[in-house]
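Pasting run.txt here (compact mmCIF, C-alpha atoms):
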# COMPACT_ATOMS: atom_id res chain seq x y z
CA MET E 1 106.60 117.61 109.75
CA LYS E 2 108.83 114.58 109.39
CA TYR E 3 109.77 113.01 106.07
CA ARG E 4 110.41 109.47 104.88
CA ASP E 5 111.48 107.52 101.82
CA LEU E 6 108.60 106.03 99.89
CA GLY E 7 110.18 102.73 98.93
CA ASN E 8 113.79 102.66 97.73
CA ARG E 9 113.56 104.48 94.38
CA GLY E 10 114.63 107.87 95.74
CA LEU E 11 111.24 109.52 96.38
CA ARG E 12 111.19 111.32 99.74
CA VAL E 13 107.89 112.78 100.96
CA SER E 14 106.24 114.18 104.06
CA ALA E 15 105.38 111.40 106.49
CA ILE E 16 101.74 112.48 106.25
CA GLY E 17 100.39 113.27 102.80
CA LEU E 18 97.17 115.05 101.89
CA GLY E 19 94.46 113.13 100.08
CA CYS E 20 92.63 115.81 98.11
CA MET E 21 89.71 113.78 96.70
CA GLY E 22 87.24 114.89 99.37
CA MET E 23 87.62 118.53 98.36
CA SER E 24 85.82 117.73 95.11
CA HIS E 25 84.26 114.28 95.29
CA ALA E 26 82.45 111.77 97.51
CA TYR E 27 82.30 113.81 100.73
CA GLY E 28 79.46 116.20 99.92
CA ALA E 29 79.23 119.00 97.37
CA PRO E 30 82.61 120.24 96.11
CA ALA E 31 84.32 122.72 98.39
CA ASP E 32 84.91 126.34 97.45
CA HIS E 33 88.10 126.61 95.38
CA ARG E 34 89.23 129.81 97.07
CA GLU E 35 88.94 128.25 100.51
CA MET E 36 90.73 125.08 99.41
CA THR E 37 93.49 127.11 97.76
CA GLU E 38 94.10 128.80 101.11
CA LEU E 39 94.05 125.44 102.87
CA LEU E 40 96.55 123.94 100.45
CA ALA E 41 98.90 126.88 101.00
CA LYS E 42 98.63 126.35 104.76
CA ALA E 43 99.36 122.65 104.27
CA ILE E 44 102.64 123.56 102.61
CA ASP E 45 103.43 125.93 105.49
CA LEU E 46 102.90 122.98 107.86
CA GLY E 47 105.39 120.86 105.91
CA TYR E 48 103.08 118.79 103.72
CA ASP E 49 104.63 118.18 100.32
CA PHE E 50 102.74 115.08 99.10
CA PHE E 51 99.41 115.83 97.41
CA ASP E 52 97.18 113.09 95.99
CA THR E 53 94.51 113.52 93.32
CA ALA E 54 93.12 111.67 90.26
CA GLU E 55 91.65 112.59 86.92
CA VAL E 56 88.22 111.26 87.97
CA TYR E 57 87.84 113.21 91.22
CA GLY E 58 85.00 115.52 90.37
CA THR E 59 81.27 115.69 89.66
CA PRO E 60 79.13 115.08 86.57
CA ASP E 61 79.15 118.85 85.98
CA SER E 62 82.88 119.26 86.66
CA PRO E 63 84.45 115.85 86.09
CA HIS E 64 88.07 116.96 86.64
CA ASP E 65 87.42 119.43 89.45
CA ASN E 66 90.15 118.19 91.78
CA GLU E 67 93.03 118.26 89.29
CA GLU E 68 91.93 121.74 88.18
CA LEU E 69 91.82 122.90 91.80
CA LEU E 70 95.31 121.56 92.53
CA GLY E 71 96.72 122.88 89.28
CA ASN E 72 95.76 126.44 90.18
CA ALA E 73 96.47 126.20 93.91
CA LEU E 74 99.83 124.44 93.81
CA LYS E 75 101.41 126.11 90.79
CA PRO E 76 103.37 128.64 92.92
CA TYR E 77 104.94 125.77 94.91
CA ARG E 78 105.56 123.31 92.08
CA ASP E 79 109.30 122.89 92.64
CA ARG E 80 108.80 122.13 96.36
CA ILE E 81 106.09 119.46 96.21
CA VAL E 82 105.20 115.99 94.97
CA ILE E 83 102.00 115.78 92.94
CA VAL E 84 100.33 112.39 92.56
CA THR E 85 97.54 111.59 90.14
CA LYS E 86 95.99 108.49 88.59
CA PHE E 87 94.78 107.03 85.32
CA GLY E 88 92.72 104.05 84.22
CA LEU E 89 89.22 104.70 85.59
CA ARG E 90 86.03 106.44 84.66
CA PHE E 91 82.68 106.53 86.39
CA ASP E 92 79.52 104.85 85.12
CA LEU E 93 77.39 107.99 85.40
CA GLU E 94 74.51 106.28 83.60
CA SER E 95 74.05 103.68 86.32
CA GLY E 96 71.93 105.88 88.57
CA LYS E 97 73.83 104.47 91.56
CA VAL E 98 75.81 106.38 94.19
CA PRO E 99 78.68 105.62 94.58
CA TYR E 100 79.02 105.48 90.80
CA PRO E 101 80.35 102.10 89.62
CA LEU E 102 83.89 102.22 88.23
CA LEU E 103 84.84 101.34 84.66
CA PRO E 104 88.52 100.43 84.18
CA ASP E 105 90.33 101.45 81.00
CA SER E 106 94.12 101.17 80.91
CA ARG E 107 94.64 100.75 77.20
CA PRO E 108 97.93 102.39 76.15
CA GLU E 109 96.14 105.00 74.04
CA THR E 110 93.90 105.86 76.99
CA ILE E 111 96.90 106.25 79.31
CA ARG E 112 98.49 108.65 76.83
CA ARG E 113 95.32 110.74 76.58
CA SER E 114 95.02 110.73 80.36
CA VAL E 115 98.56 111.89 81.04
CA GLU E 116 98.23 114.80 78.62
CA GLY E 117 94.94 115.85 80.21
CA SER E 118 96.37 115.63 83.72
CA LEU E 119 99.50 117.58 82.79
CA ARG E 120 97.34 120.33 81.32
CA ARG E 121 94.96 120.55 84.28
CA LEU E 122 97.75 120.33 86.86
CA GLN E 123 99.68 123.03 84.96
CA THR E 124 102.91 121.08 85.07
CA SER E 125 105.32 119.45 82.62
CA TYR E 126 105.67 116.27 84.68
CA ILE E 127 103.80 114.11 87.19
CA ASP E 128 105.87 113.05 90.18
CA LEU E 129 104.01 109.81 90.91
CA TYR E 130 101.47 108.29 88.50
CA TYR E 131 99.23 105.40 89.56
CA GLN E 132 97.11 102.96 87.67
CA HIS E 133 93.94 103.66 89.63
CA ARG E 134 92.61 100.10 89.43
CA PRO E 135 93.68 96.97 87.54
CA ASP E 136 92.13 96.50 84.11
CA PRO E 137 91.41 92.81 83.46
CA LYS E 138 91.29 93.48 79.70
CA VAL E 139 94.81 94.93 79.49
CA PRO E 140 97.91 92.93 80.51
CA ILE E 141 99.75 94.72 83.28
CA GLU E 142 102.94 94.40 81.21
CA ASP E 143 101.36 96.65 78.55
CA VAL E 144 100.46 99.19 81.21
CA ALA E 145 103.97 99.09 82.68
CA GLY E 146 105.55 99.41 79.24
CA THR E 147 103.44 102.47 78.42
CA VAL E 148 104.36 104.15 81.70
CA ALA E 149 108.03 103.26 81.15
CA ASP E 150 107.85 105.21 77.89
CA LEU E 151 106.28 108.17 79.70
CA ILE E 152 109.13 108.07 82.22
CA LYS E 153 111.69 108.07 79.37
CA GLU E 154 109.88 111.08 77.90
CA GLY E 155 110.08 112.94 81.22
CA LYS E 156 106.32 113.22 81.63
CA VAL E 157 106.29 110.89 84.67
CA LEU E 158 109.02 110.49 87.31
CA TYR E 159 107.75 107.50 89.34
CA TRP E 160 104.81 105.18 89.08
CA GLY E 161 102.66 102.84 91.12
CA LEU E 162 99.56 100.68 91.33
CA SER E 163 96.42 100.93 93.43
CA GLU E 164 94.47 97.96 94.80
CA ALA E 165 96.62 95.49 92.85
CA SER E 166 97.33 91.86 93.68
CA GLU E 167 100.76 90.46 94.52
CA GLU E 168 100.96 88.86 91.08
CA GLU E 169 100.15 92.15 89.34
CA ILE E 170 102.69 93.99 91.47
CA ARG E 171 105.44 91.51 90.62
CA ARG E 172 104.63 91.45 86.91
CA ALA E 173 104.46 95.24 86.67
CA ASN E 174 107.63 95.74 88.70
CA ALA E 175 109.56 93.37 86.40
CA VAL E 176 108.83 95.66 83.42
CA CYS E 177 109.09 99.07 85.08
CA PRO E 178 110.10 99.25 88.76
CA LEU E 179 107.30 100.45 91.02
CA THR E 180 107.82 103.14 93.63
CA ALA E 181 104.55 102.77 95.54
CA VAL E 182 101.36 100.82 95.92
CA GLN E 183 98.35 102.77 97.11
CA ASN E 184 95.81 100.71 99.06
CA ARG E 185 92.97 101.21 101.47
CA TYR E 186 94.48 100.66 104.90
CA SER E 187 93.33 101.43 108.43
CA MET E 188 92.72 99.73 111.78
CA MET E 189 89.41 98.56 110.28
CA ALA E 190 90.78 97.57 106.86
CA ARG E 191 93.89 95.43 107.27
CA TRP E 192 93.51 92.89 104.48
CA HIS E 193 96.43 94.34 102.49
CA GLU E 194 98.89 93.59 105.29
CA ALA E 195 99.37 90.28 103.46
CA LEU E 196 101.30 92.28 100.81
CA PHE E 197 103.81 93.73 103.27
CA PRO E 198 106.50 91.05 102.75
CA THR E 199 106.29 91.53 98.98
CA LEU E 200 106.53 95.31 99.24
CA GLU E 201 109.48 95.02 101.59
CA GLU E 202 111.23 92.51 99.32
CA LEU E 203 110.80 94.70 96.25
CA GLY E 204 111.51 98.02 97.96
CA ILE E 205 108.06 99.45 97.24
CA GLY E 206 106.35 101.94 99.54
CA LEU E 207 102.74 101.77 100.72
CA VAL E 208 100.53 104.83 100.48
CA ALA E 209 97.54 104.30 102.76
CA PHE E 210 94.31 105.88 101.61
CA SER E 211 91.28 106.10 103.90
CA PRO E 212 93.67 105.65 106.87
CA LEU E 213 90.96 106.85 109.27
CA ALA E 214 88.31 104.51 107.80
CA ASN E 215 86.76 107.45 105.93
CA GLY E 216 86.87 109.52 109.11
CA LEU E 217 85.29 107.16 111.62
CA LEU E 218 88.57 106.68 113.50
CA SER E 219 88.82 110.41 114.14
CA ASP E 220 86.09 109.79 116.74
CA ARG E 221 84.26 112.89 115.53
CA TYR E 222 81.02 111.14 114.53
CA ASN E 223 78.14 109.37 116.26
CA ALA E 224 74.83 107.69 115.47
CA ALA E 225 73.18 111.08 114.92
CA SER E 226 75.67 112.16 112.24
CA HIS E 227 73.97 112.80 108.89
CA PHE E 228 75.40 112.55 105.37
CA ASP E 229 73.69 113.63 102.16
CA ALA E 230 72.86 110.51 100.19
CA GLY E 231 73.22 112.23 96.84
CA THR E 232 76.75 113.59 97.29
CA ASP E 233 78.34 111.91 100.31
CA TYR E 234 79.39 108.28 100.03
CA ARG E 235 79.44 107.94 103.82
CA ALA E 236 75.65 107.80 103.78
CA THR E 237 75.85 104.18 102.65
CA MET E 238 79.14 103.10 104.25
CA PRO E 239 78.64 100.34 106.83
CA GLN E 240 80.82 102.00 109.48
CA PHE E 241 78.56 105.08 109.53
CA GLN E 242 75.23 103.32 109.93
CA PRO E 243 73.48 104.11 113.25
CA ASP E 244 74.04 100.63 114.70
CA SER E 245 77.75 100.60 113.81
CA TYR E 246 78.76 102.83 116.72
CA ASP E 247 77.75 100.18 119.25
CA LYS E 248 79.61 97.55 117.25
CA ASN E 249 82.72 99.73 117.18
CA ARG E 250 82.54 100.80 120.81
CA GLU E 251 85.50 98.63 121.87
CA LEU E 252 87.64 99.83 118.95
CA LEU E 253 86.94 103.49 119.60
CA GLU E 254 87.54 103.10 123.32
CA LEU E 255 90.91 101.44 122.63
CA ILE E 256 91.98 104.38 120.48
CA ARG E 257 90.71 106.90 123.04
CA CYS E 258 92.62 105.15 125.82
CA ILE E 259 95.91 105.21 123.91
CA ALA E 260 95.27 108.82 122.91
CA ARG E 261 94.95 109.80 126.56
CA GLU E 262 98.20 108.00 127.41
CA LYS E 263 100.07 109.74 124.59
CA ASN E 264 98.44 113.15 125.02
CA ALA E 265 97.14 112.82 121.47
CA THR E 266 93.85 112.55 119.60
CA PRO E 267 92.21 109.35 118.31
CA ALA E 268 93.00 110.37 114.73
CA GLN E 269 96.66 110.87 115.59
CA ILE E 270 96.88 107.44 117.22
CA SER E 271 95.21 105.82 114.21
CA LEU E 272 97.82 107.37 111.92
CA ALA E 273 100.79 106.87 114.25
CA TRP E 274 99.96 103.16 114.48
CA MET E 275 100.64 102.63 110.78
CA LEU E 276 103.57 105.06 110.66
CA CYS E 277 105.26 103.04 113.40
CA LYS E 278 104.57 99.68 111.73
CA LYS E 279 106.83 100.28 108.75
CA PRO E 280 109.14 103.15 107.77
CA TRP E 281 107.86 103.00 104.19
CA ILE E 282 104.16 103.56 104.92
CA VAL E 283 102.75 107.04 104.20
CA PRO E 284 99.08 107.73 105.05
CA ILE E 285 97.16 110.35 103.07
CA PRO E 286 94.16 111.43 105.18
CA GLY E 287 91.92 114.00 103.55
CA THR E 288 90.30 117.07 105.05
CA ARG E 289 88.76 120.43 104.22
CA LYS E 290 89.54 121.93 107.63
CA LEU E 291 92.67 123.58 108.98
CA ASP E 292 92.36 122.12 112.48
CA ARG E 293 92.23 118.58 111.05
CA LEU E 294 95.20 119.39 108.81
CA LYS E 295 97.25 120.41 111.85
CA GLU E 296 95.98 117.45 113.87
CA ASN E 297 96.93 114.93 111.19
CA ALA E 298 100.38 116.45 110.74
CA GLY E 299 101.00 116.00 114.47
CA ALA E 300 100.65 112.23 114.15
CA ALA E 301 104.16 112.05 112.70
CA ASP E 302 105.57 113.13 116.08
CA ILE E 303 103.91 110.34 118.09
CA ILE E 304 106.04 107.29 118.78
CA LEU E 305 104.56 103.87 119.49
CA SER E 306 107.02 101.14 120.44
CA ASP E 307 107.13 97.81 118.62
CA ASP E 308 105.46 96.23 121.66
CA GLU E 309 102.71 98.84 121.67
CA VAL E 310 102.04 98.30 117.97
CA LYS E 311 101.97 94.54 118.52
CA GLN E 312 99.50 94.91 121.41
CA ILE E 313 97.24 97.06 119.26
CA ASP E 314 97.37 94.49 116.45
CA GLN E 315 96.49 91.69 118.85
CA ALA E 316 93.54 93.67 120.17
CA LEU E 317 92.34 94.45 116.64
CA ASP E 318 92.58 90.76 115.73
CA THR E 319 90.06 89.74 118.35
CA MET E 320 87.62 92.61 118.86
CA GLN E 321 84.19 93.03 117.33
CA MET E 322 83.84 95.67 114.62
CA SER E 323 81.20 96.72 112.15
CA GLY E 324 81.75 96.23 108.46
CA VAL E 325 83.88 98.89 106.77
CA PHE E 326 83.61 100.37 103.29
CA GLY E 327 85.84 98.37 100.98
CA GLY E 328 85.63 100.46 97.84
CA THR E 329 83.29 101.24 95.00
CA LYS E 330 82.34 98.36 92.73
CA VAL E 331 84.47 97.96 89.60
CA LYS E 332 82.53 96.80 86.54
CA THR E 333 84.54 94.39 84.44
CA ALA E 334 81.99 93.23 81.89
Can I see the file as structure tokens?
Amino acid sequence: MKYRDLGNRGLRVSAIGLGCMGMSHAYGAPADHREMTELLAKAIDLGYDFFDTAEVYGTPDSPHDNEELLGNALKPYRDRIVIVTKFGLRFDLESGKVPYPLLPDSRPETIRRSVEGSLRRLQTSYIDLYYQHRPDPKVPIEDVAGTVADLIKEGKVLYWGLSEASEEEIRRANAVCPLTAVQNRYSMMARWHEALFPTLEELGIGLVAFSPLANGLLSDRYNAASHFDAGTDYRATMPQFQPDSYDKNRELLELIRCIAREKNATPAQISLAWMLCKKPWIVPIPGTRKLDRLKENAGAADIILSDDEVKQIDQALDTMQMSGVFGGTKVKTA
């Protein structure tokens, strides 16, 4: 595994992180904790040291399942790893809709309750990187930043960041308490946050890319016959996994396959290497429950694409037909 600086605040992490949400939430029924504990130990053996979770990654019956899983599994390795979690969201479980709509709540008193709960479940005295999970239109970002600044002074948080925030919110937050990272959805199919790159570079903030494989589509492991349980797996309703999407994405998938053949790599590795080679401060966090995928994703850090190759890929992506891609669960603001 290779390592890189996430922004310029002194946080160094594995070039590929592990998004742990899918072990507990949104990708079918929660995985077996024993199996995932073994997988997490193998991830550390492979060089992963950047593990991403959130207080809301769970189920109605076990709402904090993912933090509890990581707390037990990663405790023996605590001094060797970076644990990331998030505050500021809860699910509208009464809506009857899947995915559950999101309800933002970043009031200072809520942040303080959240950090104490996360510290307890993660079995740690500090959180390495703490994100506001989504902006809260009812709470000024300066109040959020000030609350986190206090948590940093108290030693409960080391670094902090925002997820899915605008340029204005990033600048305002950073002016109060310097940000280490912004976590955004980013993949070959979801490039709208590239507009933030100049701001992140100017301010020395890293980008953590979630859903870097477009929820798995860019692994090229699925087809029109793939089935997802509508009650537990968000992919059942994602536009890129509908039966007609595979024809729409034929050119995209063939491009990735072609480059993979040239580089003796897999489509997933090319999809990750593309963003790793765009900027030295981008860290993707693909998720998986399987050891072979864990090894495959780690191998992406060893694949080099030249600036010209990255530019050619970008130009191709700019002009080719694609299906729609999942852009995130609806946030309720009223």
**Asked** Which of these, E:Ala15, E:Ile152, E:Leu69, E:Ala175, has the shortest distance to Ala273 in chain E once you count all atoms listed in the file?
**Response** E:Ala15
**Prompt:** When distances are computed from all atoms listed in the file, which of E:Asp244, E:Asp65, E:Glu109, E:Asp308 shows the smallest separation from Thr147 in chain E?
**Reply:**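 Ranking E:Asp244, E:Asp65, E:Glu109, E:Asp308 by distance to Thr147 in chain E, first place goes to E:Glu109.
The shortest atom-to-atom distance to Ser271 in chain E, with all atoms listed in the file taken into account, belongs to E:Ser187 out of E:Ser14, E:Ser187, E:Thr59, E:Ser125.
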**Prompt:** What would the list of residues within 10 Å of (100.8, 113.2, 105.1) (file frame) look like as a ChimeraX atom specification, if all atoms listed in the file are what count?
**Reply:** /E:1-3,13-19,43,47-52,208-209,272,283-287,294,297-301
**Fill in**
CA of Leu129 in chain E sits from CA of Trp160 in chain E at a separation of 5.0 Å
**Complete:** Of E:Arg185, E:Arg171, E:Lys311, E:Arg121, the one sitting nearest Phe326 in chain E when using only C-alpha atoms is E:Arg185
**Asked** CA of Ile304 in chain E to CA of Phe210 in chain E: how many Å, to one decimal?
**Response**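 Rounded to one decimal, the two atoms are 20.8 Å apart.
The spacing separating CA of Lys75 in chain E from CA of Asp32 in chain E amounts to 17.8 Å.
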**Request:** Within 6 Å of range 91-106 of chain E, counting all atoms listed in the file, which residues show up once you throw out same-chain ones fewer than 6 positions away? Write them as a VMD selection string, please.
**Result:** chain E and resid 136 330 to 332
**Request:** Determine, counting all atoms listed in the file, every residue of protein, DNA or RNA that lies within 6 Å of (99.9, 111.6, 118.6) in the file coordinates, then give the result as a list of chain:residue names.
**Result:** E:Ala265, E:Gln269, E:Ile270, E:Ala300, E:Ile303
**Message:** Let me make sure I understand: among E:Leu196, E:Glu67, E:Gly216, E:Arg134, which one has the smallest atom-to-atom distance to Tyr234 in chain E if we use only C-alpha atoms?
**Reply:** E:Gly216
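The closest residue to Gln123 in chain E, picked from E:Thr85, E:Gln315, E:Thr110, E:Asn72 and counting all atoms listed in the file, is E:Asn72.
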So that all listed atoms of range 173-182 of chain E fit with 3 Å spare on each side, what axis-aligned box centre and edge lengths in Å, to one decimal, would you give as lines of an AutoDock Vina configuration file?
center_x = 105.7
center_y = 98.3
center_z = 89.7
size_x = 14.7
size_y = 15.8
size_z = 18.5
**Request:** Write out as a ChimeraX atom specification which residues come within 10 Å of Arg113 in chain E when counting only C-alpha atoms, dropping same-chain ones fewer than 5 positions away.
**Result:** /E:87,108,118
**Request:** Name all residues at most 10 Å from Phe197 in chain E (count all atoms listed in the file; drop same-chain ones fewer than 2 positions away) and give them as a ChimeraX atom specification.
**Result:** /E:167,193-195,199-203,205-207,279,282
**Request:** Excluding Arg289 in chain E and any residue of its chain fewer than 6 positions from it, enumerate the residues within 8 Å of it, using all atoms listed in the file, and give them as a VMD selection string.
**Result:** chain E and resid 22 to 23 31 36 39
